[in-house]
>>> print(open('data-v7.cif').read())   # mmCIF, C-alpha atoms
data_upload
#
loop_
_atom_site.label_atom_id
_atom_site.label_comp_id
_atom_site.auth_asym_id
_atom_site.auth_seq_id
_atom_site.Cartn_x
_atom_site.Cartn_y
_atom_site.Cartn_z
CA LEU A 1 0.00 0.00 0.00
CA VAL A 2 2.84 2.42 0.85
CA THR A 3 4.59 1.54 -2.39
CA ALA A 4 1.43 2.24 -4.39
CA ALA A 5 0.97 5.58 -2.62
CA THR A 6 4.60 6.49 -3.27
CA ALA A 7 4.28 5.59 -6.95
CA GLN A 8 1.09 7.66 -7.21
CA ALA A 9 2.77 10.63 -5.52
CA GLU A 10 5.72 10.39 -7.92
CA GLU A 11 3.38 10.24 -10.91
CA SER A 12 1.43 13.24 -9.60
CA LYS A 13 4.67 15.17 -9.09
CA SER A 14 5.79 14.38 -12.61
CA MET A 15 2.45 15.53 -14.03
CA ASP A 16 2.57 18.73 -11.96
CA CYS A 17 6.08 19.40 -13.23
CA GLU A 18 4.97 18.80 -16.80
CA VAL A 19 2.20 21.37 -16.37
CA LEU A 20 4.71 23.80 -14.90
CA GLU A 21 7.07 23.22 -17.84
CA VAL A 22 4.31 24.07 -20.33
CA TYR A 23 3.42 27.19 -18.34
CA ALA A 24 7.06 28.31 -18.24
CA ARG A 25 7.37 27.72 -21.98
CA THR A 26 4.25 29.85 -22.59
CA VAL A 27 5.44 32.67 -20.35
CA MET A 28 8.83 32.89 -22.05
CA ASP A 29 7.22 32.62 -25.49
CA VAL A 30 5.05 35.62 -24.62
CA ARG A 31 8.16 37.47 -23.43
CA GLN A 32 10.18 36.66 -26.52
CA ASN A 33 7.34 37.73 -28.81
CA GLY A 34 7.09 41.22 -27.40
CA VAL A 35 4.02 41.19 -25.16
CA SER A 36 4.43 43.95 -22.58
CA LEU A 37 5.11 43.10 -18.94
CA LYS A 38 1.95 44.97 -17.97
CA ASN A 39 -0.18 42.85 -20.30
CA ALA A 40 1.47 39.63 -19.13
CA MET A 41 0.87 40.53 -15.49
CA GLY A 42 -2.72 41.41 -16.35
CA THR A 43 -3.43 37.77 -17.20
CA LEU A 44 -2.83 36.60 -13.63
CA GLU A 45 -5.54 35.77 -11.16
CA ASP A 46 -5.37 37.39 -7.73
CA GLY A 47 -2.95 35.56 -5.47
CA ASP A 48 -1.12 33.70 -8.25
CA GLU A 49 2.33 34.11 -6.72
CA LEU A 50 3.90 31.34 -8.80
CA GLY A 51 2.71 32.96 -12.02
CA ARG A 52 3.83 36.38 -10.83
CA SER A 53 7.27 35.08 -9.95
CA MET A 54 7.64 33.23 -13.25
CA ILE A 55 6.62 36.26 -15.31
CA ILE A 56 9.01 38.54 -13.43
CA THR A 57 11.82 36.03 -13.93
CA ALA A 58 11.06 35.72 -17.65
CA TYR A 59 10.94 39.48 -18.14
CA SER A 60 14.28 39.88 -16.38
CA LYS A 61 15.84 37.90 -19.25
CA SER A 62 16.85 39.45 -22.56
CA ARG A 63 14.48 39.50 -25.51
CA TYR A 64 15.94 38.29 -28.81
CA MET A 65 15.07 39.13 -32.41
CA THR A 66 16.22 35.99 -34.23
CA GLU A 67 13.95 32.96 -34.16
CA GLY A 68 16.80 30.63 -33.20
CA LEU A 69 17.76 32.62 -30.13
CA LYS A 70 14.10 33.02 -29.14
CA GLN A 71 13.55 29.25 -29.30
CA ARG A 72 16.74 28.48 -27.40
CA THR A 73 15.75 30.95 -24.66
CA ILE A 74 12.22 29.52 -24.46
CA ASN A 75 13.52 25.94 -24.28
CA ASP A 76 16.17 26.77 -21.67
CA PHE A 77 13.63 28.62 -19.49
CA ALA A 78 11.14 25.73 -19.67
CA ASP A 79 13.83 23.13 -19.00
CA LYS A 80 15.10 25.04 -15.97
CA ALA A 81 11.59 25.31 -14.51
CA TYR A 82 10.99 21.59 -15.10
CA LEU A 83 14.30 20.59 -13.54
CA GLU A 84 13.74 22.77 -10.49
CA CYS A 85 10.27 21.28 -10.06
CA LEU A 86 11.53 17.71 -10.29
CA THR A 87 14.35 18.28 -7.81
CA THR A 88 12.48 20.29 -5.19
CA LYS A 89 9.20 18.43 -4.78
#
>>> encode(input="data-v7.cif", output="structure tokens")
Amino acid sequence: LVTAATAQAEESKSMDCEVLEVYARTVMDVRQNGVSLKNAMGTLEDGDELGRSMIITAYSKSRYMTEGLKQRTINDFADKAYLECLTTK
């Protein structure tokens, strides 16, 4: 029973981290495509501290003009969020 619960918790963690990775990818995509910080922050629900923190972090990074650099930045940002999620939960 404990093993089943542990496996379920690990699966839930992995799914949560996958959702977080997609969110991070979206936030950085918005950043790299020129949406203003004000508009990005305007999409948050009250009390969404994780979203607020992620948007602020994304907007503290440089914005690039070439598609290759944009994609690399988006992928790196999403990978970092996913890795941090997997190693801290």
>>> residues_around(input="data-v7.cif", residues="Asp29 (chain A)", least_positions_apart="3", cutoff="12 Å", atoms="only C-alpha atoms", output="PyMOL selection string")
chain A and resi 22-26+32-35+40+55+58-59+61+63-64+67+69-78
>>> atom_distance(input="data-v7.cif", atom1="CA of Tyr82 (chain A)", atom2="CA of Leu20 (chain A)")
6.7 Å
>>> closest_residue(input="data-v7.cif", among="A:Leu86, A:Val30, A:Val19, A:Met41", to="Ile56 (chain A)", atoms="all atoms listed in the file")
A:Met41
>>> atom_distance(input="data-v7.cif", atom1="CA of Cys17 (chain A)", atom2="CA of Ser60 (chain A)")
22.3 Å
>>> closest_residue(input="data-v7.cif", among="A:Lys80, A:Thr57, A:Thr88, A:Val27", to="Leu44 (chain A)", atoms="all atoms listed in the file")
A:Val27
>>> axis_aligned_box(input="data-v7.cif", around="region 58-65 of chain A", padding_each_side="4 Å", output="lines of an AutoDock Vina configuration file")
center_x = 13.9
center_y = 37.8
center_z = -24.4
size_x = 13.9
size_y = 12.2
size_z = 24.0
>>> atom_distance(input="data-v7.cif", atom1="CA of Lys38 (chain A)", atom2="CA of Met54 (chain A)")
13.9 Å
>>> closest_residue(input="data-v7.cif", among="A:Glu49, A:Met65, A:Gly42, A:Met15", to="Cys85 (chain A)", atoms="all atoms listed in the file")
A:Met15
>>> closest_residue(input="data-v7.cif", among="A:Gly47, A:Ala81, A:Arg52, A:Ser36", to="Glu18 (chain A)", atoms="only C-alpha atoms")
A:Ala81
>>> decode(input="data-v7.cif", residues="region 21-37 of chain A", atoms="all heavy atoms", output="PDB file, in the first residue's frame")
ATOM      1  N   GLU A  21       6.183  23.050 -16.687  1.00  0.00           N
ATOM      2  CA  GLU A  21       7.071  23.222 -17.840  1.00  0.00           C
ATOM      3  C   GLU A  21       6.331  23.895 -18.998  1.00  0.00           C
ATOM      4  O   GLU A  21       6.853  24.808 -19.634  1.00  0.00           O
ATOM      5  CB  GLU A  21       7.637  21.873 -18.278  1.00  0.00           C
ATOM      6  CG  GLU A  21       8.710  21.949 -19.352  1.00  0.00           C
ATOM      7  CD  GLU A  21       8.174  21.917 -20.775  1.00  0.00           C
ATOM      8  OE1 GLU A  21       6.991  21.555 -20.973  1.00  0.00           O
ATOM      9  OE2 GLU A  21       8.927  22.266 -21.687  1.00  0.00           O
ATOM     10  N   VAL A  22       5.112  23.470 -19.257  1.00  0.00           N
ATOM     11  CA  VAL A  22       4.310  24.070 -20.328  1.00  0.00           C
ATOM     12  C   VAL A  22       4.014  25.531 -20.009  1.00  0.00           C
ATOM     13  O   VAL A  22       4.100  26.401 -20.879  1.00  0.00           O
ATOM     14  CB  VAL A  22       3.005  23.276 -20.559  1.00  0.00           C
ATOM     15  CG1 VAL A  22       2.053  24.022 -21.495  1.00  0.00           C
ATOM     16  CG2 VAL A  22       3.309  21.887 -21.107  1.00  0.00           C
ATOM     17  N   TYR A  23       3.688  25.812 -18.756  1.00  0.00           N
ATOM     18  CA  TYR A  23       3.421  27.192 -18.341  1.00  0.00           C
ATOM     19  C   TYR A  23       4.664  28.066 -18.513  1.00  0.00           C
ATOM     20  O   TYR A  23       4.583  29.172 -19.052  1.00  0.00           O
ATOM     21  CB  TYR A  23       2.935  27.213 -16.889  1.00  0.00           C
ATOM     22  CG  TYR A  23       2.527  28.586 -16.416  1.00  0.00           C
ATOM     23  CD1 TYR A  23       1.379  29.185 -16.901  1.00  0.00           C
ATOM     24  CD2 TYR A  23       3.297  29.281 -15.492  1.00  0.00           C
ATOM     25  CE1 TYR A  23       0.998  30.450 -16.468  1.00  0.00           C
ATOM     26  CE2 TYR A  23       2.927  30.541 -15.065  1.00  0.00           C
ATOM     27  CZ  TYR A  23       1.773  31.119 -15.552  1.00  0.00           C
ATOM     28  OH  TYR A  23       1.403  32.367 -15.136  1.00  0.00           O
ATOM     29  N   ALA A  24       5.808  27.564 -18.095  1.00  0.00           N
ATOM     30  CA  ALA A  24       7.061  28.314 -18.237  1.00  0.00           C
ATOM     31  C   ALA A  24       7.361  28.571 -19.707  1.00  0.00           C
ATOM     32  O   ALA A  24       7.773  29.678 -20.086  1.00  0.00           O
ATOM     33  CB  ALA A  24       8.218  27.550 -17.586  1.00  0.00           C
ATOM     34  N   ARG A  25       7.146  27.581 -20.536  1.00  0.00           N
ATOM     35  CA  ARG A  25       7.370  27.723 -21.979  1.00  0.00           C
ATOM     36  C   ARG A  25       6.465  28.823 -22.547  1.00  0.00           C
ATOM     37  O   ARG A  25       6.900  29.670 -23.328  1.00  0.00           O
ATOM     38  CB  ARG A  25       7.099  26.387 -22.679  1.00  0.00           C
ATOM     39  CG  ARG A  25       7.351  26.388 -24.160  1.00  0.00           C
ATOM     40  CD  ARG A  25       7.208  24.972 -24.729  1.00  0.00           C
ATOM     41  NE  ARG A  25       8.138  24.041 -24.126  1.00  0.00           N
ATOM     42  CZ  ARG A  25       9.430  23.957 -24.432  1.00  0.00           C
ATOM     43  NH1 ARG A  25       9.942  24.752 -25.347  1.00  0.00           N
ATOM     44  NH2 ARG A  25      10.208  23.088 -23.825  1.00  0.00           N
ATOM     45  N   THR A  26       5.214  28.840 -22.121  1.00  0.00           N
ATOM     46  CA  THR A  26       4.255  29.849 -22.595  1.00  0.00           C
ATOM     47  C   THR A  26       4.655  31.244 -22.138  1.00  0.00           C
ATOM     48  O   THR A  26       4.616  32.198 -22.929  1.00  0.00           O
ATOM     49  CB  THR A  26       2.840  29.504 -22.093  1.00  0.00           C
ATOM     50  OG1 THR A  26       2.482  28.204 -22.588  1.00  0.00           O
ATOM     51  CG2 THR A  26       1.820  30.525 -22.563  1.00  0.00           C
ATOM     52  N   VAL A  27       5.043  31.368 -20.879  1.00  0.00           N
ATOM     53  CA  VAL A  27       5.443  32.669 -20.345  1.00  0.00           C
ATOM     54  C   VAL A  27       6.643  33.221 -21.114  1.00  0.00           C
ATOM     55  O   VAL A  27       6.654  34.397 -21.519  1.00  0.00           O
ATOM     56  CB  VAL A  27       5.755  32.581 -18.826  1.00  0.00           C
ATOM     57  CG1 VAL A  27       6.458  33.828 -18.325  1.00  0.00           C
ATOM     58  CG2 VAL A  27       4.477  32.338 -18.043  1.00  0.00           C
ATOM     59  N   MET A  28       7.653  32.403 -21.344  1.00  0.00           N
ATOM     60  CA  MET A  28       8.826  32.893 -22.052  1.00  0.00           C
ATOM     61  C   MET A  28       8.516  33.146 -23.526  1.00  0.00           C
ATOM     62  O   MET A  28       9.056  34.080 -24.127  1.00  0.00           O
ATOM     63  CB  MET A  28      10.007  31.940 -21.909  1.00  0.00           C
ATOM     64  CG  MET A  28      11.293  32.475 -22.526  1.00  0.00           C
ATOM     65  SD  MET A  28      11.801  34.135 -21.979  1.00  0.00           S
ATOM     66  CE  MET A  28      12.674  33.733 -20.464  1.00  0.00           C
ATOM     67  N   ASP A  29       7.628  32.379 -24.119  1.00  0.00           N
ATOM     68  CA  ASP A  29       7.217  32.618 -25.491  1.00  0.00           C
ATOM     69  C   ASP A  29       6.555  33.996 -25.609  1.00  0.00           C
ATOM     70  O   ASP A  29       6.853  34.765 -26.536  1.00  0.00           O
ATOM     71  CB  ASP A  29       6.256  31.530 -25.962  1.00  0.00           C
ATOM     72  CG  ASP A  29       5.872  31.694 -27.410  1.00  0.00           C
ATOM     73  OD1 ASP A  29       6.745  31.522 -28.278  1.00  0.00           O
ATOM     74  OD2 ASP A  29       4.691  32.001 -27.681  1.00  0.00           O
ATOM     75  N   VAL A  30       5.696  34.307 -24.663  1.00  0.00           N
ATOM     76  CA  VAL A  30       5.047  35.622 -24.622  1.00  0.00           C
ATOM     77  C   VAL A  30       6.107  36.714 -24.493  1.00  0.00           C
ATOM     78  O   VAL A  30       6.072  37.719 -25.206  1.00  0.00           O
ATOM     79  CB  VAL A  30       4.029  35.665 -23.455  1.00  0.00           C
ATOM     80  CG1 VAL A  30       3.600  37.077 -23.125  1.00  0.00           C
ATOM     81  CG2 VAL A  30       2.817  34.799 -23.779  1.00  0.00           C
ATOM     82  N   ARG A  31       7.068  36.502 -23.617  1.00  0.00           N
ATOM     83  CA  ARG A  31       8.163  37.469 -23.425  1.00  0.00           C
ATOM     84  C   ARG A  31       8.948  37.670 -24.719  1.00  0.00           C
ATOM     85  O   ARG A  31       9.208  38.794 -25.139  1.00  0.00           O
ATOM     86  CB  ARG A  31       9.092  36.981 -22.307  1.00  0.00           C
ATOM     87  CG  ARG A  31      10.446  37.652 -22.247  1.00  0.00           C
ATOM     88  CD  ARG A  31      10.327  39.107 -21.905  1.00  0.00           C
ATOM     89  NE  ARG A  31      11.610  39.752 -21.750  1.00  0.00           N
ATOM     90  CZ  ARG A  31      11.879  40.945 -22.251  1.00  0.00           C
ATOM     91  NH1 ARG A  31      10.968  41.605 -22.926  1.00  0.00           N
ATOM     92  NH2 ARG A  31      13.050  41.499 -22.049  1.00  0.00           N
ATOM     93  N   GLN A  32       9.342  36.575 -25.336  1.00  0.00           N
ATOM     94  CA  GLN A  32      10.180  36.660 -26.523  1.00  0.00           C
ATOM     95  C   GLN A  32       9.437  37.241 -27.729  1.00  0.00           C
ATOM     96  O   GLN A  32      10.052  37.737 -28.657  1.00  0.00           O
ATOM     97  CB  GLN A  32      10.767  35.293 -26.874  1.00  0.00           C
ATOM     98  CG  GLN A  32      11.801  34.806 -25.895  1.00  0.00           C
ATOM     99  CD  GLN A  32      12.999  35.728 -25.789  1.00  0.00           C
ATOM    100  OE1 GLN A  32      13.533  36.213 -26.777  1.00  0.00           O
ATOM    101  NE2 GLN A  32      13.400  36.009 -24.557  1.00  0.00           N
ATOM    102  N   ASN A  33       8.117  37.211 -27.701  1.00  0.00           N
ATOM    103  CA  ASN A  33       7.339  37.727 -28.815  1.00  0.00           C
ATOM    104  C   ASN A  33       6.796  39.129 -28.574  1.00  0.00           C
ATOM    105  O   ASN A  33       5.936  39.596 -29.319  1.00  0.00           O
ATOM    106  CB  ASN A  33       6.241  36.736 -29.202  1.00  0.00           C
ATOM    107  CG  ASN A  33       6.841  35.567 -29.948  1.00  0.00           C
ATOM    108  OD1 ASN A  33       7.377  35.733 -31.034  1.00  0.00           O
ATOM    109  ND2 ASN A  33       6.812  34.399 -29.347  1.00  0.00           N
ATOM    110  N   GLY A  34       7.317  39.794 -27.551  1.00  0.00           N
ATOM    111  CA  GLY A  34       7.089  41.217 -27.401  1.00  0.00           C
ATOM    112  C   GLY A  34       5.858  41.665 -26.649  1.00  0.00           C
ATOM    113  O   GLY A  34       5.535  42.859 -26.665  1.00  0.00           O
ATOM    114  N   VAL A  35       5.155  40.772 -25.983  1.00  0.00           N
ATOM    115  CA  VAL A  35       4.021  41.191 -25.155  1.00  0.00           C
ATOM    116  C   VAL A  35       4.574  41.989 -23.978  1.00  0.00           C
ATOM    117  O   VAL A  35       5.579  41.607 -23.372  1.00  0.00           O
ATOM    118  CB  VAL A  35       3.219  39.962 -24.666  1.00  0.00           C
ATOM    119  CG1 VAL A  35       2.130  40.370 -23.694  1.00  0.00           C
ATOM    120  CG2 VAL A  35       2.638  39.203 -25.854  1.00  0.00           C
ATOM    121  N   SER A  36       3.932  43.096 -23.662  1.00  0.00           N
ATOM    122  CA  SER A  36       4.434  43.946 -22.582  1.00  0.00           C
ATOM    123  C   SER A  36       4.302  43.250 -21.225  1.00  0.00           C
ATOM    124  O   SER A  36       3.424  42.395 -21.032  1.00  0.00           O
ATOM    125  CB  SER A  36       3.680  45.276 -22.541  1.00  0.00           C
ATOM    126  OG  SER A  36       2.357  45.082 -22.048  1.00  0.00           O
ATOM    127  N   LEU A  37       5.164  43.631 -20.308  1.00  0.00           N
ATOM    128  CA  LEU A  37       5.108  43.097 -18.944  1.00  0.00           C
ATOM    129  C   LEU A  37       3.746  43.392 -18.321  1.00  0.00           C
ATOM    130  O   LEU A  37       3.148  42.536 -17.676  1.00  0.00           O
ATOM    131  CB  LEU A  37       6.238  43.688 -18.096  1.00  0.00           C
ATOM    132  CG  LEU A  37       6.253  43.323 -16.614  1.00  0.00           C
ATOM    133  CD1 LEU A  37       6.289  41.817 -16.412  1.00  0.00           C
ATOM    134  CD2 LEU A  37       7.416  43.995 -15.922  1.00  0.00           C
TER     135      LEU A  37
END
